[in-house]
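Novice: Below is query-v7.tsv; it holds TSV, C-alpha atoms and all ligand atoms.
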chain	number	residue	atom	x	y	z
U	336	MET	CA	-33.37	20.33	-28.45
U	337	GLU	CA	-33.46	20.79	-32.22
U	338	LYS	CA	-31.98	24.29	-31.78
U	339	LEU	CA	-29.05	22.86	-29.82
U	340	ILE	CA	-28.07	20.16	-32.32
U	341	ARG	CA	-25.97	21.05	-35.40
U	342	LYS	CA	-28.23	21.05	-38.46
U	343	ASN	CA	-26.20	18.42	-40.34
U	344	ILE	CA	-26.30	16.10	-37.32
U	345	PHE	CA	-30.03	16.60	-36.79
U	346	ALA	CA	-30.62	15.63	-40.42
U	347	LEU	CA	-27.98	12.85	-40.46
U	348	LYS	CA	-29.01	9.47	-41.75
U	349	PRO	CA	-26.73	7.15	-39.78
U	350	TYR	CA	-24.77	4.23	-41.20
U	351	SER	CA	-26.93	1.14	-41.26
U	352	CYS	CA	-25.04	-2.07	-40.54
U	353	ALA	CA	-26.11	-5.54	-41.65
U	354	ARG	CA	-27.40	-6.51	-38.18
U	355	ASP	CA	-29.60	-3.38	-38.01
U	356	GLU	CA	-31.68	-4.67	-40.88
U	357	PHE	CA	-32.18	-8.15	-39.51
U	358	LYS	CA	-33.03	-8.49	-35.83
U	359	GLY	CA	-34.02	-11.88	-34.47
U	360	GLU	CA	-32.93	-15.49	-34.25
U	361	ALA	CA	-31.09	-17.15	-37.14
U	362	SER	CA	-28.42	-19.80	-37.53
U	363	VAL	CA	-26.73	-18.79	-40.77
U	364	PHE	CA	-25.28	-15.30	-41.02
U	365	LEU	CA	-24.13	-14.42	-44.51
U	366	ASP	CA	-24.95	-10.72	-44.36
U	367	ALA	CA	-21.84	-8.91	-43.10
U	368	ASN	CA	-18.93	-10.28	-45.17
U	369	GLU	CA	-17.34	-11.73	-42.05
U	370	ASN	CA	-15.08	-14.78	-42.08
U	371	PRO	CA	-17.25	-17.79	-41.08
U	372	LEU	CA	-14.32	-19.16	-38.99
U	373	ASN	CA	-12.54	-17.99	-35.82
U	374	ALA	CA	-15.57	-17.57	-33.57
U	375	PRO	CA	-16.35	-15.48	-31.62
U	376	TYR	CA	-13.91	-12.87	-32.92
U	377	ASN	CA	-15.00	-13.22	-36.55
U	378	ARG	CA	-18.35	-11.52	-35.90
U	379	TYR	CA	-18.91	-7.78	-35.57
U	380	PRO	CA	-19.75	-6.87	-31.97
U	381	ASP	CA	-23.10	-5.49	-30.77
U	382	PRO	CA	-22.98	-1.81	-31.86
U	383	LEU	CA	-25.12	-0.73	-28.88
U	384	GLN	CA	-23.56	-3.07	-26.27
U	385	TRP	CA	-26.94	-4.05	-24.73
U	386	LYS	CA	-25.56	-6.78	-22.50
U	387	VAL	CA	-23.09	-4.43	-20.82
U	388	LYS	CA	-25.61	-1.61	-20.59
U	389	GLN	CA	-28.13	-3.85	-18.83
U	390	LYS	CA	-25.60	-4.56	-16.08
U	391	ILE	CA	-24.63	-0.88	-15.81
U	392	SER	CA	-28.32	0.00	-15.67
U	393	LYS	CA	-28.83	-2.21	-12.62
U	394	ILE	CA	-25.89	-0.69	-10.76
U	395	LYS	CA	-26.54	2.93	-11.69
U	396	GLY	CA	-30.34	3.00	-11.73
U	397	VAL	CA	-30.43	4.49	-15.24
U	398	ALA	CA	-32.32	2.85	-18.12
U	399	PRO	CA	-30.09	1.24	-20.81
U	400	GLU	CA	-31.58	3.60	-23.43
U	401	ARG	CA	-30.06	6.49	-21.52
U	402	ILE	CA	-26.51	5.13	-21.59
U	403	MET	CA	-23.82	5.55	-24.24
U	404	LEU	CA	-20.56	3.61	-24.04
U	405	GLY	CA	-17.38	4.89	-25.64
U	406	ASN	CA	-13.67	4.27	-26.11
U	407	GLY	CA	-12.99	5.90	-22.73
U	408	SER	CA	-14.77	9.10	-21.68
U	409	ASP	CA	-12.62	10.78	-24.27
U	410	GLU	CA	-14.99	9.54	-26.98
U	411	PRO	CA	-18.19	11.11	-25.58
U	412	ILE	CA	-16.21	14.31	-24.84
U	413	ASP	CA	-15.29	14.59	-28.53
U	414	LEU	CA	-18.79	13.56	-29.67
U	415	ILE	CA	-20.36	16.35	-27.61
U	416	TYR	CA	-18.50	18.87	-29.81
U	417	ARG	CA	-19.41	17.05	-33.01
U	418	ILE	CA	-23.09	16.87	-32.08
U	419	PHE	CA	-23.73	20.32	-30.60
U	420	CYS	CA	-21.01	22.76	-31.72
U	421	GLU	CA	-20.80	24.34	-35.16
U	422	PRO	CA	-17.08	24.96	-35.82
U	423	LYS	CA	-16.04	28.65	-35.90
U	424	GLU	CA	-19.52	29.69	-34.81
U	425	ASP	CA	-20.47	28.15	-31.47
U	426	ASN	CA	-18.52	28.25	-28.22
U	427	VAL	CA	-18.33	26.32	-24.95
U	428	VAL	CA	-17.62	27.54	-21.41
U	429	ALA	CA	-15.54	25.50	-18.96
U	430	ILE	CA	-14.18	25.91	-15.46
U	431	ALA	CA	-10.43	26.37	-15.07
U	432	PRO	CA	-8.34	24.64	-14.01
U	433	SER	CA	-9.91	21.39	-15.16
U	434	TYR	CA	-9.40	18.29	-17.32
U	435	GLY	CA	-7.30	19.00	-20.41
U	436	MET	CA	-9.33	16.99	-22.91
U	437	TYR	CA	-12.23	19.48	-22.97
U	438	GLY	CA	-9.92	22.12	-24.44
U	439	VAL	CA	-8.03	19.75	-26.76
U	440	CYS	CA	-11.28	18.46	-28.28
U	441	ALA	CA	-12.52	22.06	-28.66
U	442	ASP	CA	-9.34	22.86	-30.64
U	443	ILE	CA	-9.64	19.73	-32.77
U	444	ASN	CA	-13.23	20.63	-33.61
U	445	ASN	CA	-12.36	24.32	-34.14
U	446	VAL	CA	-14.78	25.46	-31.44
U	447	GLU	CA	-14.03	28.46	-29.21
U	448	TYR	CA	-13.14	27.34	-25.67
U	449	ARG	CA	-13.90	29.90	-22.97
U	450	THR	CA	-12.63	29.33	-19.46
U	451	VAL	CA	-13.79	30.85	-16.19
U	452	LEU	CA	-11.37	30.68	-13.29
U	453	LEU	CA	-12.57	28.91	-10.15
U	454	ASN	CA	-12.19	30.77	-6.84
U	455	ASP	CA	-8.82	30.52	-5.02
U	456	ASP	CA	-10.08	27.52	-3.03
U	457	PHE	CA	-11.23	25.90	-6.34
U	458	SER	CA	-14.90	26.49	-5.52
U	459	LEU	CA	-17.38	27.32	-8.27
U	460	ASP	CA	-19.02	30.72	-8.81
U	461	ALA	CA	-22.08	29.92	-10.92
U	462	ASP	CA	-22.89	33.56	-11.70
U	463	LYS	CA	-19.40	34.19	-13.07
U	464	LEU	CA	-19.69	31.08	-15.24
U	465	LEU	CA	-23.11	32.09	-16.59
U	466	GLU	CA	-21.83	35.61	-17.36
U	467	ALA	CA	-19.28	34.10	-19.75
U	468	THR	CA	-22.02	32.49	-21.88
U	469	ASP	CA	-23.75	34.13	-24.84
U	470	LYS	CA	-26.27	33.09	-27.49
U	471	ASN	CA	-23.67	30.88	-29.21
U	472	THR	CA	-22.70	28.96	-26.08
U	473	LYS	CA	-23.84	25.38	-26.56
U	474	VAL	CA	-22.09	23.53	-23.74
U	475	ILE	CA	-20.87	24.18	-20.19
U	476	TRP	CA	-18.20	21.80	-18.89
U	477	LEU	CA	-18.13	20.98	-15.19
U	478	CYS	CA	-16.00	18.35	-13.50
U	479	SER	CA	-16.89	17.20	-9.99
U	480	PRO	CA	-14.80	16.03	-8.18
U	481	ASN	CA	-12.57	18.25	-10.28
U	482	ASN	CA	-9.22	17.33	-11.79
U	483	PRO	CA	-6.55	18.55	-10.85
U	484	SER	CA	-7.93	20.18	-7.69
U	485	GLY	CA	-9.70	17.07	-6.32
U	486	ASN	CA	-12.66	18.94	-4.80
U	487	LEU	CA	-16.38	18.51	-5.33
U	488	LEU	CA	-18.16	21.52	-6.82
U	489	ASN	CA	-20.92	22.88	-4.61
U	490	ARG	CA	-24.28	21.29	-5.41
U	491	ASN	CA	-26.28	24.50	-5.19
U	492	GLU	CA	-23.87	26.32	-7.49
U	493	ILE	CA	-24.18	23.48	-10.02
U	494	LYS	CA	-27.98	23.72	-9.71
U	495	LYS	CA	-27.72	27.44	-10.46
U	496	VAL	CA	-25.78	26.62	-13.62
U	497	LEU	CA	-28.34	23.99	-14.65
U	498	ASN	CA	-31.26	26.34	-14.04
U	499	GLY	CA	-29.63	29.41	-15.50
U	500	PHE	CA	-28.35	27.99	-18.81
U	501	SER	CA	-30.45	26.86	-21.76
U	502	GLY	CA	-27.78	24.69	-23.42
U	503	ILE	CA	-26.08	21.42	-22.53
U	504	VAL	CA	-24.42	21.05	-19.12
U	505	VAL	CA	-21.85	18.26	-18.80
U	506	ILE	CA	-20.82	17.03	-15.35
U	507	ASP	CA	-17.73	14.83	-15.59
U	508	GLU	CA	-17.89	12.39	-12.67
U	509	ALA	CA	-14.75	10.35	-13.40
U	510	TYR	CA	-13.94	10.39	-9.67
U	511	VAL	CA	-17.46	10.07	-8.26
U	512	ASP	CA	-16.77	6.66	-6.64
U	513	PHE	CA	-14.25	8.30	-4.30
U	514	SER	CA	-16.49	11.17	-3.34
U	515	SER	CA	-18.59	11.74	-0.24
U	516	GLU	CA	-21.54	13.10	-2.22
U	517	GLU	CA	-24.26	11.61	-4.41
U	518	SER	CA	-23.84	11.37	-8.16
U	519	TRP	CA	-25.89	13.65	-10.42
U	520	LEU	CA	-27.30	10.59	-12.22
U	521	GLN	CA	-30.45	10.69	-10.11
U	522	GLU	CA	-31.12	14.24	-11.37
U	523	LEU	CA	-31.22	13.32	-15.06
U	524	ASP	CA	-35.03	13.33	-15.01
U	525	ASN	CA	-35.12	16.86	-13.63
U	526	PHE	CA	-32.60	18.29	-16.12
U	527	PRO	CA	-33.21	17.09	-19.70
U	528	ARG	CA	-30.10	18.87	-21.03
U	529	LEU	CA	-27.72	17.35	-18.47
U	530	ILE	CA	-25.04	14.87	-19.57
U	531	VAL	CA	-23.17	12.95	-16.85
U	532	LEU	CA	-19.85	11.29	-17.72
U	533	GLN	CA	-18.36	8.39	-15.78
U	534	THR	CA	-15.59	5.92	-16.58
U	535	PHE	CA	-14.18	2.46	-15.86
U	536	SER	CA	-10.67	3.94	-15.84
U	537	LYS	CA	-10.39	4.96	-12.18
U	538	ALA	CA	-12.28	3.17	-9.37
U	539	TRP	CA	-12.96	0.06	-11.50
U	540	GLY	CA	-9.24	-0.29	-12.29
U	541	LEU	CA	-9.75	-0.70	-16.05
U	542	ALA	CA	-7.90	2.25	-17.63
U	543	SER	CA	-6.24	0.08	-20.28
U	544	VAL	CA	-9.52	-1.47	-21.36
U	545	ARG	CA	-10.89	1.91	-22.56
U	546	CYS	CA	-14.53	2.19	-21.64
U	547	GLY	CA	-16.33	5.37	-20.66
U	548	MET	CA	-20.01	6.09	-20.04
U	549	ALA	CA	-22.28	8.98	-20.91
U	550	PHE	CA	-25.71	9.23	-19.28
U	551	ALA	CA	-28.39	11.57	-20.62
U	552	SER	CA	-31.95	11.75	-21.93
U	553	GLU	CA	-32.93	9.09	-24.45
U	554	GLU	CA	-33.05	11.84	-27.07
U	555	ILE	CA	-29.45	12.97	-26.47
U	556	ILE	CA	-28.22	9.36	-26.32
U	557	GLY	CA	-29.93	8.85	-29.70
U	558	PHE	CA	-27.69	11.54	-31.20
U	559	PHE	CA	-24.59	9.96	-29.62
U	560	ASN	CA	-25.56	6.65	-31.21
U	561	LYS	CA	-26.10	8.28	-34.59
U	562	VAL	CA	-22.69	9.99	-34.66
U	563	LYS	CA	-20.38	7.44	-33.00
U	564	TYR	CA	-18.52	4.82	-35.05
U	565	PRO	CA	-20.89	1.84	-35.38
U	566	TYR	CA	-18.60	-0.66	-33.59
U	567	ASN	CA	-16.90	1.77	-31.22
U	568	VAL	CA	-16.54	-0.71	-28.32
U	569	ASN	CA	-14.87	-3.97	-29.34
U	570	ILE	CA	-15.91	-7.38	-28.08
U	571	LEU	CA	-12.89	-7.85	-25.80
U	572	THR	CA	-13.81	-4.67	-23.95
U	573	GLN	CA	-17.53	-5.51	-23.89
U	574	ASN	CA	-16.88	-8.97	-22.46
U	575	LEU	CA	-14.32	-7.87	-19.92
U	576	VAL	CA	-16.36	-4.91	-18.65
U	577	SER	CA	-19.35	-7.21	-18.39
U	578	GLU	CA	-17.36	-9.64	-16.21
U	579	GLU	CA	-15.91	-6.90	-14.04
U	580	LEU	CA	-19.34	-5.42	-13.41
U	581	ASP	CA	-20.12	-8.61	-11.47
U	582	LYS	CA	-17.38	-7.65	-9.01
U	583	GLU	CA	-18.83	-4.47	-7.60
U	584	GLU	CA	-18.02	-5.49	-4.02
U	585	ARG	CA	-14.34	-5.77	-4.92
U	586	LYS	CA	-14.44	-2.30	-6.44
U	587	LYS	CA	-15.99	-0.93	-3.25
U	588	GLU	CA	-13.24	-2.58	-1.21
U	589	TRP	CA	-10.57	-0.97	-3.42
U	590	VAL	CA	-12.24	2.40	-2.94
U	591	ARG	CA	-12.24	1.94	0.86
U	592	MET	CA	-8.54	1.06	0.76
U	593	ILE	CA	-7.71	4.05	-1.44
U	594	LEU	CA	-9.72	6.45	0.73
U	595	ASN	CA	-7.94	5.17	3.82
U	596	GLU	CA	-4.58	5.61	2.08
U	597	ARG	CA	-5.62	9.10	1.01
U	598	ASP	CA	-6.06	10.08	4.66
U	599	VAL	CA	-2.70	8.59	5.64
U	600	LEU	CA	-0.86	10.20	2.70
U	601	THR	CA	-2.49	13.58	3.35
U	602	LYS	CA	-1.39	13.47	6.98
U	603	ASN	CA	2.15	12.40	6.12
U	604	LEU	CA	2.53	14.97	3.36
U	605	THR	CA	1.24	17.75	5.61
U	606	SER	CA	3.89	16.91	8.21
U	607	LEU	CA	6.73	17.50	5.71
U	608	ASN	CA	8.52	20.88	5.83
U	609	ILE	CA	8.52	21.24	2.06
U	610	VAL	CA	4.73	20.84	1.88
U	611	GLU	CA	2.81	24.08	2.42
U	612	LYS	CA	-0.63	22.65	2.00
U	613	VAL	CA	-2.56	19.61	0.87
U	614	TYR	CA	-5.90	20.55	-0.65
U	615	PRO	CA	-8.94	18.57	0.54
U	616	SER	CA	-9.74	15.80	-1.94
U	617	ASP	CA	-12.85	13.87	-2.94
U	618	ALA	CA	-10.88	11.90	-5.53
U	619	ASN	CA	-8.12	9.26	-5.69
U	620	PHE	CA	-5.39	11.91	-5.81
U	621	VAL	CA	-4.34	14.93	-3.82
U	622	LEU	CA	-3.06	18.30	-4.92
U	623	ALA	CA	-0.14	19.37	-2.75
U	624	LYS	CA	1.43	22.82	-2.69
U	625	VAL	CA	5.17	22.57	-2.06
U	626	ASN	CA	7.94	25.15	-1.70
U	627	ASN	CA	9.41	24.47	-5.17
U	628	ALA	CA	7.36	22.17	-7.38
U	629	ASN	CA	9.88	21.93	-10.23
U	630	ALA	CA	12.74	21.00	-7.91
U	631	VAL	CA	10.69	18.45	-5.97
U	632	TYR	CA	9.32	16.99	-9.18
U	633	ASN	CA	12.80	16.57	-10.71
U	634	PHE	CA	14.15	15.08	-7.49
U	635	LEU	CA	11.35	12.48	-7.48
U	636	VAL	CA	11.96	11.65	-11.15
U	637	GLU	CA	15.61	10.98	-10.36
U	638	LYS	CA	14.45	8.54	-7.69
U	639	GLY	CA	12.11	6.83	-10.12
U	640	ILE	CA	8.88	8.29	-8.74
U	641	ILE	CA	6.58	10.10	-11.14
U	642	VAL	CA	3.92	12.54	-9.95
U	643	ARG	CA	2.16	15.19	-12.04
U	644	ASN	CA	3.74	18.65	-11.95
U	645	ARG	CA	0.87	21.16	-12.19
U	646	HIS	CA	3.07	24.25	-11.50
U	647	THR	CA	2.17	25.97	-14.77
U	648	VAL	CA	-1.60	25.41	-14.41
U	649	GLN	CA	-3.81	28.35	-13.34
U	650	LEU	CA	-4.27	28.55	-9.54
U	651	CYS	CA	-1.86	25.58	-9.17
U	652	GLY	CA	1.48	27.37	-8.77
U	653	ASN	CA	4.00	25.05	-7.03
U	654	CYS	CA	1.46	22.26	-6.95
U	655	LEU	CA	2.02	18.57	-7.55
U	656	ARG	CA	-0.86	16.22	-8.24
U	657	ILE	CA	-0.22	12.91	-6.53
U	658	THR	CA	-2.24	9.77	-7.27
U	659	ILE	CA	-2.97	7.56	-4.26
U	660	GLY	CA	-0.97	4.36	-4.76
U	661	THR	CA	-0.65	1.21	-2.67
U	662	LYS	CA	0.39	1.53	0.97
U	663	GLU	CA	3.95	0.59	-0.04
U	664	GLU	CA	4.08	3.08	-2.91
U	665	ASN	CA	2.80	5.90	-0.73
U	666	GLU	CA	5.36	5.03	1.97
U	667	THR	CA	8.14	5.05	-0.62
U	668	LEU	CA	7.00	8.49	-1.76
U	669	ILE	CA	7.01	9.91	1.78
U	670	GLN	CA	10.40	8.34	2.63
U	671	THR	CA	11.86	9.77	-0.57
U	672	LEU	CA	10.41	13.23	0.05
U	673	GLN	CA	11.99	13.18	3.52
U	674	LEU	CA	15.38	13.04	1.75
U	675	PHE	CA	14.70	16.18	-0.29
U	676	LYS	CA	16.84	19.12	0.80
U	701	LIG	C1	-9.23	10.26	-15.91
U	701	LIG	C2	-10.33	11.16	-16.31
U	701	LIG	C3	-11.29	10.75	-17.24
U	701	LIG	C4	-11.25	9.36	-17.81
U	701	LIG	O1	-10.98	9.33	-19.14
U	701	LIG	P1	-11.09	7.92	-19.90
U	701	LIG	O2	-11.00	8.34	-21.33
U	701	LIG	O3	-12.41	7.34	-19.54
U	701	LIG	O4	-9.96	7.07	-19.44
U	701	LIG	C5	-12.33	11.58	-17.55
U	701	LIG	N1	-12.43	12.80	-16.98
U	701	LIG	C6	-11.54	13.23	-16.08
U	701	LIG	C7	-11.72	14.55	-15.45
U	701	LIG	C8	-10.46	12.43	-15.73
U	701	LIG	O5	-9.56	12.88	-14.84
Please re-express this file's structure in C-alpha cells.

Specialist:
Amino acid sequence: MEKLIRKNIFALKPYSCARDEFKGEASVFLDANENPLNAPYNRYPDPLQWKVKQKISKIKGVAPERIMLGNGSDEPIDLIYRIFCEPKEDNVVAIAPSYGMYGVCADINNVEYRTVLLNDDFSLDADKLLEATDKNTKVIWLCSPNNPSGNLLNRNEIKKVLNGFSGIVVIDEAYVDFSSEESWLQELDNFPRLIVLQTFSKAWGLASVRCGMAFASEEIIGFFNKVKYPYNVNILTQNLVSEELDKEERKKEWVRMILNERDVLTKNLTSLNIVEKVYPSDANFVLAKVNNANAVYNFLVEKGIIVRNRHTVQLCGNCLRITIGTKEENETLIQTLQLFK
C-alpha cells in the first residue's frame, strides 16, 4: 500500500481538532472557540460521523471503520486522486463512456486520464482495460451499473480487472439499489485494494442533502480521513441521513415503484416510431437511441420536458438518457413524444 500512496500523503500529519485531543464525558466545553449559545448548531459536528456510520454499517454489513462519508460521492472521487495520484506523473484508466466526474477530477488534479472504450453493447473487456495500464497507473475506474449506459458490468470481467491489476480499483455503485445483482461490498475482504462508492443521491432520494459513501479497507479509509476536510459532513446532513436510514422499507418501496415504471417506460418508448432501441437498464434511467437526438431533445425542451442529450458521447450517437420519473411524468413524456413529427 505504501507504494500506492503519494509520499506527501503517506507522511502527512493530519489536522488535529480540539475534540481529537479530549475524548470522553464532560459538561463544559471551552476548547474549540465555539459560541456557547445556539445549541446544537454552535458545536462542531462529529468529524468521523460515527452515529451515521453505525446505522450504515448495520444495513450494508461493513464495519464503521471501513466507511468514509463525503459531500456526495464527488468528494471521495476527488480524494482518490489526491491520495494516490502524483500530478503530472501518475495516470488512471477508466471505461468510456462513463460518469463525467472521474475525468473532471483528473483534470483538476493534473493527472492523466486514459479511457478505454466499452464494447458496442457497453460490455466490459477486462483485457483491453488492463492493456491500457502501465507502471504509473494508480487507479482503474469502473461504474456498475454504468452511467450513461445503464448496464451492469460483467462480474467475471470485473474480477479479471481486480486480479490483474496491482493498483486501486474503484467500483462506483451509485445505482446498485436498482440492479438485479449483488453489490461488491461483500468482496471487500477478498480485494484489499478495492474501493466501492455508493450514494444517498439516487435510491434514497436525498440528492440535495449531499452525502456519499466510500467503502474500503480500514487502511485506505484511514487515508481518506487524513486528507478530507475535518468537518466535511455538516450536522444537518448527519442528522437527516441518520433519520432517513431508519426508513429503509420506504426506500425499497420506491425502488420497486421505479423498477416497475422502468419496465412500462421501456415498453412504451420501444413502441414509438422515432425510437430505434432502448438499451437494457439496471439503473433508474434508460438510454434510448432515437432517429434524431438533437431534434427530439429540442422538441422536448420546448414542451418543458428535460432529458439528457448524450448524442456527442462515445458510443451514444443519437441517444437520450431518460430518468425514470413518476407514473404521471413518464406518461407525459410518452404523450409528448407521440406528437413529435
Ligand atoms: C449520480 C451519480 C453519483 C452520485 O454523485 P453524488 O455526488 O453522490 O450526488 C455518483 N456516481 C455516478 C456514476 C452517478 O451517476

Novice: From (-1.1, 20.8, 2.0), in the file's coordinates, out to 10 Å: which residues are reached, counting all atoms listed in the file? Answer as a PyMOL selection string.

Specialist: chain U and resi 601-607+609-615+621-625+654

Novice: Identify which of the residues U:Asp507, U:Asp460, U:Glu588, U:Glu369 lies closest to ligand LIG 701 (chain U), counting only C-alpha atoms and all ligand atoms when measuring atom-to-atom distances.

Specialist: U:Asp507

Novice: Would you please work out which residue, of U:Tyr448, U:Phe535, U:Tyr437, U:Phe620, is nearest to Phe513 (chain U) when using all atoms listed in the file?

Specialist: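 Going through U:Tyr448, U:Phe535, U:Tyr437, U:Phe620 one by one, the smallest distance to Phe513 (chain U) is for U:Phe620.
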
Novice: Show me which residues sit within 7 Å of ligand LIG 701 (chain U) when counting all atoms listed in the file, and put them as a PDB file with C-alpha atoms, keeping the file's coordinate frame.

Specialist:
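Result went into pocket.pdb, see below:
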ATOM      1  CA  ASN U 406     -13.670   4.270 -26.110  1.00  0.00           C
ATOM      2  CA  GLY U 407     -12.990   5.900 -22.730  1.00  0.00           C
ATOM      3  CA  SER U 408     -14.770   9.100 -21.680  1.00  0.00           C
ATOM      4  CA  ASP U 409     -12.620  10.780 -24.270  1.00  0.00           C
ATOM      5  CA  TYR U 434      -9.400  18.290 -17.320  1.00  0.00           C
ATOM      6  CA  CYS U 478     -16.000  18.350 -13.500  1.00  0.00           C
ATOM      7  CA  ASN U 481     -12.570  18.250 -10.280  1.00  0.00           C
ATOM      8  CA  ASN U 482      -9.220  17.330 -11.790  1.00  0.00           C
ATOM      9  CA  ASP U 507     -17.730  14.830 -15.590  1.00  0.00           C
ATOM     10  CA  GLU U 508     -17.890  12.390 -12.670  1.00  0.00           C
ATOM     11  CA  ALA U 509     -14.750  10.350 -13.400  1.00  0.00           C
ATOM     12  CA  THR U 534     -15.590   5.920 -16.580  1.00  0.00           C
ATOM     13  CA  PHE U 535     -14.180   2.460 -15.860  1.00  0.00           C
ATOM     14  CA  SER U 536     -10.670   3.940 -15.840  1.00  0.00           C
ATOM     15  CA  LYS U 537     -10.390   4.960 -12.180  1.00  0.00           C
ATOM     16  CA  ALA U 542      -7.900   2.250 -17.630  1.00  0.00           C
ATOM     17  CA  ARG U 545     -10.890   1.910 -22.560  1.00  0.00           C
ATOM     18  CA  CYS U 546     -14.530   2.190 -21.640  1.00  0.00           C
ATOM     19  CA  GLY U 547     -16.330   5.370 -20.660  1.00  0.00           C
TER      20      GLY U 547
END

Novice: Please identify all polymer residues within 10 Å of Ile555 (chain U), counting only C-alpha atoms, omitting same-chain residues fewer than 3 positions from it, and present them as a list in words.

Specialist: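 Contacts, in chain order: Met336, Ile340, Arg401, Ile402, Met403, Ile415, Ile418, Ile503, Pro527, Arg528, Leu529, Ile530, Ala549, Phe550, Ala551, Ser552, Phe558, Phe559, Asn560 and Lys561 of chain U.
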
Novice: Quick one: distance from CA of Asp456 (chain U) to CA of Ser514 (chain U) in Å, one decimal?

Specialist: 17.6 Å

Novice: Could you list, as a list in words, every residue within 9 Å of Leu571 (chain U), counting all atoms listed in the file and ignoring same-chain residues fewer than 3 positions away?

Specialist: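 Contacts, in chain order: Tyr376, Val544, Val568, Asn574, Leu575 and Val576 of chain U.
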
Novice: Scan for residues within 7 Å of the point (-1.7, 17.1, -14.4) in the coordinates of the file, using all atoms listed in the file, and reply as an MDAnalysis selection string.

Specialist: chainID U and resid 483 643:645 656

Novice: Kindly indicate which residue among U:Val496, U:Asn627, U:Ser484, U:Glu583 lies nearest to Thr658 (chain U), using only C-alpha atoms for the distances.

Specialist: U:Ser484

Novice: Could you tell me how far CA of Asn629 (chain U) sits from CA of Glu666 (chain U), in Å to one decimal place?

Specialist: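 It comes out at 21.3 Å.
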
Novice: If I take CA of His646 (chain U) and CA of Asn633 (chain U), how far is one from the other in Å, to one decimal?

Specialist: 12.4 Å

Novice: Looking at U:Asn471, U:Asn567, U:Asn619, U:Asn626, which one is nearest to Gly540 (chain U), with distances taken over all atoms listed in the file?

Specialist: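 Nearest to Gly540 (chain U): U:Asn619.
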
Novice: With 10 Å as the cut-off and all atoms listed in the file counted, what is the closest atom pair between each nearby residue of region 359-414 of chain U and region 347-354 of chain U? Distances in Å to one decimal, ordered by chain and number, as a tab-separated table.

Specialist:
residue	atom	partner	partner_atom	distance
U:Gly359	CA	U:Arg354	CA	9.3
U:Phe364	CA	U:Arg354	CA	9.5
U:Leu365	CA	U:Ala353	CA	9.5
U:Asp366	CA	U:Ala353	CA	6.0
U:Ala367	CA	U:Ala353	CA	5.6
U:Asn368	CA	U:Ala353	CA	9.3
U:Tyr379	CA	U:Arg354	CA	9.0
U:Pro380	CA	U:Arg354	CA	9.9
U:Asp381	CA	U:Arg354	CA	8.6
U:Pro382	CA	U:Cys352	CA	8.9

Novice: Give the answer as one residue: which of U:Glu664, U:Glu447, U:Asp355, U:Glu492 has the shortest atom-to-atom distance to Asp462 (chain U), using only C-alpha atoms?

Specialist: U:Glu492

Novice: Using only C-alpha atoms, can you tell me which of U:Leu635, U:Ile659, U:Leu532, U:Ala346 comes closest to Ile506 (chain U)?

Specialist: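 Comparing U:Leu635, U:Ile659, U:Leu532, U:Ala346 against Ile506 (chain U), the winner is U:Leu532.
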
Novice: What's the 7 Å shell around Arg341 (chain U), counting all atoms listed in the file, without same-chain residues fewer than 5 positions away, as an MDAnalysis selection string?

Specialist: chainID U and resid 418:421
